[in-house]
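These notes are about the structure you will find just below.
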Amino acid sequence: MSKHFAKQLSFYLILIAIPFILLFALELSLRVASFGYEYPLFIEKPTDNKQAPVYLQPNPNIINRYFSDQKLAPNVSPDTVYFKKEKNKKSFRIFIQGGSTAAGFPYGRWGSLQGMIEQRFKRLYPNKEIEIINTAMAAVNSYTLLDFVDEIIEQQPDLVLIYAGHNEYLGIMGVGSAFAAKGGRLATLLHLKLKNWRIYQLLQRAYYLVFSSNEQPKKTNQTLMSQVAKEKEIELNSDLYQQGVEQFTGNMSLILQKYKNAGVPVVLGNLVSNELAQVPFSSIDSVDWQVIKNSLHKDKALAEVTRLNNLLSIVKSAEHYYQLALNLQLLGRFVEAKHYFILAKDYDLLRFRAPSEFSLILKALAKKHGADWVDVQAVFNENSLNGIVGSKLVLEHLHPTVEGYFLLAEAYVDLIAKQEMIDTPTLYASNKARADIPVSIIGSLYGEFVIEKLMNDFPFTSSMNQGKANVDLPTSRKFEKQALIKRIDQIDWLSIQKELLVKYQQRNEVAEAAKIAGNISTAMIDNHKASYIAGQLYQRLKDWQLASYYHKKALKNQNENVQYLLALAQDYFFLKHYSDSLLTLKLADKLVVETAPQKQQIIKHIANVKRAIHLQNKPKNNKSNP
């Protein structure tokens, strides 16, 4: 290579590098000047002292990541849940991804997949440390899920559970949403890659100041559903519909491939919604459904079926499919009725429910990428009258009732337990599992209030009636109604729970008090007093298994607390785990001085346990031998 050529090459390389150097310098300058923002998915749990933070939590402001102007971001966030910054080698860590259903709307954490599964695992795996972190929140779709994947993988998950798809069209960055990104899927994926660059944020801010000041919805008193529905009509198989299918398929495929490459198992579920009780949203302004439902009669049903089939042979519409399903149901032709209820949903132009095609896509992707598959639909069908999902299991269009959330969690739990993904489970009766449901009375009442408020707005009521209906508080006892009002007024959750805990104990309503104490213990990860109180309350219920769970949790933070050790020893004794009881009592004995009042009590307990061990090990008389 000649010197002249080398000199010329160097010149061109420097010339090419100059713009990149200038861009890098500008990027660095913007960061030094603290311009722009960066919202990590997980942040450190705030501490009251100077010690290094021990726990992480999902970022409550994570939704701001997707908006150049934070004022435009909807008021949604993941539930606050703490997990260890440094993962314990013996712990099993599960992450949950999805939208508002996975997040537990309207009940919050205790109705969510996380809350329901957490409670089941306390009995299924009593000796296993299991962390469940829920990153789900309302209004998000597969773009957000995809954007979270790398940060979730960094936290060393042992399993990921996904329930998502209903927000694909009208969720943030969805093809039909008021919060849609510009330029199609490839542009949106590029946006997700570039969003943390300060130069990109500078250009983005300039663009929105000049061109888009009025394009995105402003925060109002409207429900989130009424804010997001920009493209109110998306016909089945239209271009916009197909864009949603491609978006969902492509993003979910990338999500599953990323987890597969990282060696993280995934459990994927199909989608359920209200088939029977939710009329097509796109017909609410044009059809008086109350009149139609009042006119239904078995004697007229056959003629109506013929009439509606004739209409549908000319033009397919959601309202006619729904009417056809109602009449077939009257005739007892339930399999056909279910089929047409589903078609009514699929032809609904206002896509707040995922089309049935999405469940087929999810099943195919699970097979392709080696993810485990949960047939949530089958579970809901089995527990619905005539196999048609209605208001027993779904509150409005797609959010489950408390029973529905229990079944949703059960679908995932059953697969995890059968495949022994965590460990060999300790099985117990389903009626006991239902009694353990962590949604409190106040949590259930609050959910009813939220849903009633939601259904008095778009898209559940006609435009003529929106905003006219008053939402009444659910009826309840005085102290519960006061707590509910505080909950609605967004008073601190913990203070409300503490007041309820005291009140339920005063009224000797031990089961509800135990549920409240258990929830406090679960939420306040390092509050040993709450765990001890929960254990004591479950002892009063003679539920020794849950009592031992909470007493062990209390001892993790106070391993030399004699009071806690004695309580756990009692749990073990009544569970007939005599060796564990004896070991725990001996630990307590070492911590107590000879003159302490507890000393004689411990000695007595040790003698009783030894006697029980002797009787347990004593060989039974063999009557065949003299």
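Residues are named by chain letter and number: chains run A, B, ... in the order of the structure tokens, numbers start at 1 in each chain, and ligands are numbered from 1 in the order shown.
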DSSP-assigned helix (DSSP H, G or I) members of region 261-307 of chain A, reported as a PyMOL selection string: chain A and resi 261+281-283+289-295+298-307
Contacts of region 560-562 of chain A within 9 Å, only C-alpha atoms, excl. fewer than 5 positions in-chain, as a PyMOL selection string: chain A and resi 555+567+585+587-589+591-592+598
Using N, CA and C atoms, can you export the residues from the last selection as an mmCIF file, in the first residue's frame?
```cif
data_model
loop_
_atom_site.group_PDB
_atom_site.id
_atom_site.type_symbol
_atom_site.label_atom_id
_atom_site.label_comp_id
_atom_site.auth_asym_id
_atom_site.auth_seq_id
_atom_site.Cartn_x
_atom_site.Cartn_y
_atom_site.Cartn_z
ATOM 1 N N LEU A 555 -39.241 -15.118 61.685
ATOM 2 C CA LEU A 555 -37.934 -15.505 62.199
ATOM 3 C C LEU A 555 -36.782 -15.204 61.236
ATOM 4 N N ALA A 567 -43.652 -19.968 69.177
ATOM 5 C CA ALA A 567 -44.855 -20.030 68.334
ATOM 6 C C ALA A 567 -44.664 -21.033 67.200
ATOM 7 N N LEU A 585 -37.454 -25.785 69.774
ATOM 8 C CA LEU A 585 -37.485 -25.558 71.216
ATOM 9 C C LEU A 585 -36.081 -25.530 71.812
ATOM 10 N N LEU A 587 -33.403 -24.534 70.268
ATOM 11 C CA LEU A 587 -32.838 -23.234 69.901
ATOM 12 C C LEU A 587 -33.309 -22.153 70.874
ATOM 13 N N ALA A 588 -34.597 -22.206 71.221
ATOM 14 C CA ALA A 588 -35.151 -21.235 72.177
ATOM 15 C C ALA A 588 -34.524 -21.422 73.545
ATOM 16 N N ASP A 589 -34.320 -22.682 73.948
ATOM 17 C CA ASP A 589 -33.757 -22.997 75.253
ATOM 18 C C ASP A 589 -32.354 -22.411 75.418
ATOM 19 N N LEU A 591 -31.267 -19.745 74.132
ATOM 20 C CA LEU A 591 -31.325 -18.282 74.178
ATOM 21 C C LEU A 591 -31.878 -17.738 75.496
ATOM 22 N N VAL A 592 -32.432 -18.641 76.321
ATOM 23 C CA VAL A 592 -33.098 -18.206 77.553
ATOM 24 C C VAL A 592 -32.216 -18.534 78.755
ATOM 25 N N GLN A 598 -39.611 -18.067 81.128
ATOM 26 C CA GLN A 598 -39.913 -18.960 80.004
ATOM 27 C C GLN A 598 -39.170 -20.296 80.096
#
```
Atomic distance CA of Gln563 (chain A) - CA of Lys529 (chain A), expressed in Å with one decimal: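 Separating CA of Gln563 (chain A) from CA of Lys529 (chain A) is a distance of 11.3 Å.
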Nearest-residue call for Thr135 (chain A), choices A:Ser177, A:Thr188, A:Asn59, A:Ser317, using only C-alpha atoms: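 Among A:Ser177, A:Thr188, A:Asn59, A:Ser317, it is A:Asn59 that comes nearest to Thr135 (chain A).
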All residues 12 Å or closer to region 502-515 of chain A, only C-alpha atoms, same chain fewer than 2 positions away omitted, as a ChimeraX atom specification: /A:110,119,435-443,477-480,482-483,495-500,517-522,530-543,546-547,550
Shell of 9 Å around Phe358 (chain A), only C-alpha atoms, local chain residues under 3 positions omitted, as a ChimeraX atom specification: /A:165-166,245,248-249,270-271,354-355,361-363
Proximity to Asn383 (chain A) - best of A:Thr306, A:Ala262, A:Asn456, A:Gly404, only C-alpha atoms: A:Gly404
Near-Ala409 (chain A) list (6 Å; only C-alpha atoms; drop same-chain fewer than 3 positions) as an NGL selection string: :A and (113 or 117 or 406 or 412)
Distance of CA of Leu326 (chain A) from CA of Lys338 (chain A), expressed in Å to one decimal place: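 Here the two named atoms are 9.3 Å from each other.
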Pick from A:Tyr578, A:Phe281, A:Tyr259, A:Trp544, whichever lies nearest to Ile162 (chain A) using only C-alpha atoms: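 Among A:Tyr578, A:Phe281, A:Tyr259, A:Trp544, it is A:Tyr259 that comes nearest to Ile162 (chain A).
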